[in-house]
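**Student:** Just passing along the structure, written as structure tokens.
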Amino acid sequence: MSTPAVEFQSVAKRYGDLWALKGIDLAIPRGSFYGLLGHNGAGKSTLINAMAGLVIPTRGRICVMGHDVQRDYRASRRALGVVPQELIDEPFFSVRELLELQSGYFGLHGRRQRAWLDELLERLSLTDKADVKTNQLSGGMKRRLLIALALVHHPEVLVLDEPTAGVDVALRRSLWAFARELHAGGMTIILTTHYLEEAESLCDRIAIIHRGELVVEADKAELLARSPWKHVEIIGRGEPSGALAGQVCERLAEGWRFRLPREAGLGTLLDQARACGIEIEDLRVIEPDLEQVFLSLTEEGA
Ligand SMILES: Nc1ncnc2c1ncn2[C@@H]1O[C@H](COP(=O)(O)OP(=O)(O)O)[C@@H](O)[C@H]1O
Ligand SMILES: [Mg+2]
């Protein structure tokens, strides 16, 4: 097996009395579109900042494309493009100047690099903002600039920390399309988010972090298959009563949504519905989604 794109070995981070990370072991495969999920405060940004050498772990070790972040910082940093969660507010430099500074940091100059910066500006719809000071950009433009900055040196691994928080629907769609395109070109992409439908549609593998601990790490399909529940919608007239009423989890305009244990057959539900005198017009089984799995794994006391 090839070296993982990123490998975390027993990574722990303490801030005062708080262990923000409690010993994370995780290997992110090359070429994956990887989702790092967790509630606010779970430790996602700490993990990502440790990957980028911005946070020094209290214990443990991280390698990016086989390079130890502590011992071989330059090589590991070069393999990585990080789009931070916090937006920039930079009064001195224009968009293009910042991209050129970042290029210089990686020792990249010349015609080919300038052509690449132009392409990034174009691809992220920033061409007409190239000479604008970055503190005059809108939030969405700043987000796109951060993505351009992360890609200046053609990293093999791109990390997006909550890239669509507070971003409007149109920009969100275009960012997803761009991320998919980069992934199709062979880039490993790591996405942290608390928008589960985002992870569900983009990622092929997912880790869930809860209070500094890794609670699960699996292929998306495998994770979805772990949902303890399924939902069944019955469209019809009548009124559920008795045991059936207890299984209603939502009233619909013309029926009900029921929550059943995943392994339960539909026979009992249908018998109960008929016993209540419900005329069934339609029946839909809803596939479990990531949100249900996530909630079942991160519920308080879980
Ligand atoms: N620089 C810091 N100093 C003290 N506590 C911090 C610092 N950075 C993060 N934390 C705490 O560590 C925990 C994890 O934070 P973070 O990694 O930002 O979570 P997430 O990105 O999943 O929302 C939180 O409780 C947060 O308050
Ligand atoms: Mg965060």
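Each chain in the structure tokens gets a letter, A, B, ..., in the order shown, and its residues are numbered from 1; ligands are numbered from 1 in order too.
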List as a PyMOL selection string the protein and nucleic acid residues near stretch 275-280 of chain A, meaning an atom at most 8 Å away when only C-alpha atoms are counted, but skip any in the same chain fewer than 5 places from it.
**Tutor:** chain A and resi 234-241
**Student:** Selection from above, N, CA and C atoms, as a short mmCIF file (atom, residue, chain, number, x, y, z; two decimals), in the first residue's frame, can you write it?
**Tutor:**
data_model
loop_
_atom_site.label_atom_id
_atom_site.label_comp_id
_atom_site.auth_asym_id
_atom_site.auth_seq_id
_atom_site.Cartn_x
_atom_site.Cartn_y
_atom_site.Cartn_z
N ILE A 234 -45.95 6.96 4.83
CA ILE A 234 -47.22 6.45 4.33
C ILE A 234 -48.09 7.64 3.97
N ILE A 235 -48.55 7.63 2.71
CA ILE A 235 -49.48 8.66 2.27
C ILE A 235 -50.86 8.02 2.27
N GLY A 236 -51.81 8.67 2.93
CA GLY A 236 -53.14 8.09 2.97
C GLY A 236 -54.06 8.87 3.91
N ARG A 237 -55.27 8.36 4.07
CA ARG A 237 -56.24 9.02 4.96
C ARG A 237 -56.50 8.13 6.17
N GLY A 238 -56.93 8.80 7.27
CA GLY A 238 -57.22 8.06 8.49
C GLY A 238 -56.44 8.66 9.63
N GLU A 239 -56.30 7.89 10.72
CA GLU A 239 -55.58 8.42 11.88
C GLU A 239 -54.85 7.29 12.60
N PRO A 240 -53.52 7.39 12.73
CA PRO A 240 -52.80 6.35 13.46
C PRO A 240 -53.21 6.35 14.94
N SER A 241 -53.31 5.17 15.53
CA SER A 241 -53.61 5.10 16.96
C SER A 241 -52.75 4.01 17.58
#
**Student:** Name all residues at most 10 Å from stretch 227-231 of chain A (count only C-alpha atoms; drop same-chain ones fewer than 6 positions away) and give them as a VMD selection string.
**Tutor:** chain A and resid 248 to 249 257 to 264 284 to 297
**Student:** Write the selection just made, keeping C-alpha atoms, as a compact mmCIF listing (two decimals), in the first residue's frame?
**Tutor:**
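So selection-v7.txt came out as:
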# COMPACT_ATOMS: atom_id res chain seq x y z
CA VAL A 248 -44.98 8.67 14.01
CA CYS A 249 -41.98 10.97 13.89
CA ARG A 257 -43.40 9.65 8.48
CA PHE A 258 -42.56 6.70 10.72
CA ARG A 259 -39.21 5.80 12.24
CA LEU A 260 -38.47 2.10 12.48
CA PRO A 261 -35.47 0.08 13.61
CA ARG A 262 -33.44 -0.54 10.51
CA GLU A 263 -33.90 -4.30 10.53
CA ALA A 264 -37.68 -4.16 10.98
CA ARG A 284 -41.98 5.42 0.49
CA VAL A 285 -38.91 4.04 2.24
CA ILE A 286 -36.35 6.78 2.94
CA GLU A 287 -32.71 5.72 2.78
CA PRO A 288 -30.76 6.62 5.91
CA ASP A 289 -28.62 9.75 5.60
CA LEU A 290 -25.39 10.84 7.15
CA GLU A 291 -27.15 13.15 9.57
CA GLN A 292 -28.90 10.27 11.32
CA VAL A 293 -25.65 8.32 11.58
CA PHE A 294 -23.79 11.39 12.81
CA LEU A 295 -26.37 12.17 15.47
CA SER A 296 -26.54 8.59 16.67
CA LEU A 297 -22.74 8.55 17.08
**Student:** Counting only C-alpha atoms and all ligand atoms, name the residues that have an atom within 12 Å of an atom of ligand 2; the answer should be given as an MDAnalysis selection string.
**Tutor:** chainID A and resid 20 36:49 83:86 160:163 165 191:194 209
**Student:** Quick one: everything within 12 Å of A:Glu119, counting only C-alpha atoms, minus sequence neighbours fewer than 3 positions away in the same chain. Send it as number ranges by chain.
**Tutor:** A: 96, 99, 112-116, 122-127, 130, 148, 151-152
**Student:** Between A:Leu202, A:Leu244, A:Leu196, A:Ala79, which one has atoms that come closest to A:Ala184, using only C-alpha atoms?
**Tutor:**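 That would be A:Leu202, the residue with the smallest distance to A:Ala184.
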**Student:** Do you know which residues are at most 9 Å from A:Ala221 counting only C-alpha atoms, after dropping those on the same chain fewer than 4 positions away, and could you put them as a list in words?
**Tutor:**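 In the requested format, the answer is Asp204, Arg205, Ala225 and Arg226 of chain A.
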**Student:** In stretch 127-173 of chain A, what's alpha helix (DSSP H) per DSSP? Answer as a PyMOL selection string?
**Tutor:** chain A and resi 139-151+169-173
**Student:** A:Ala243, A:Ile28, A:Val55, A:Ala177: which is nearest ligand 1, counting only C-alpha atoms and all ligand atoms?
**Tutor:** A:Val55
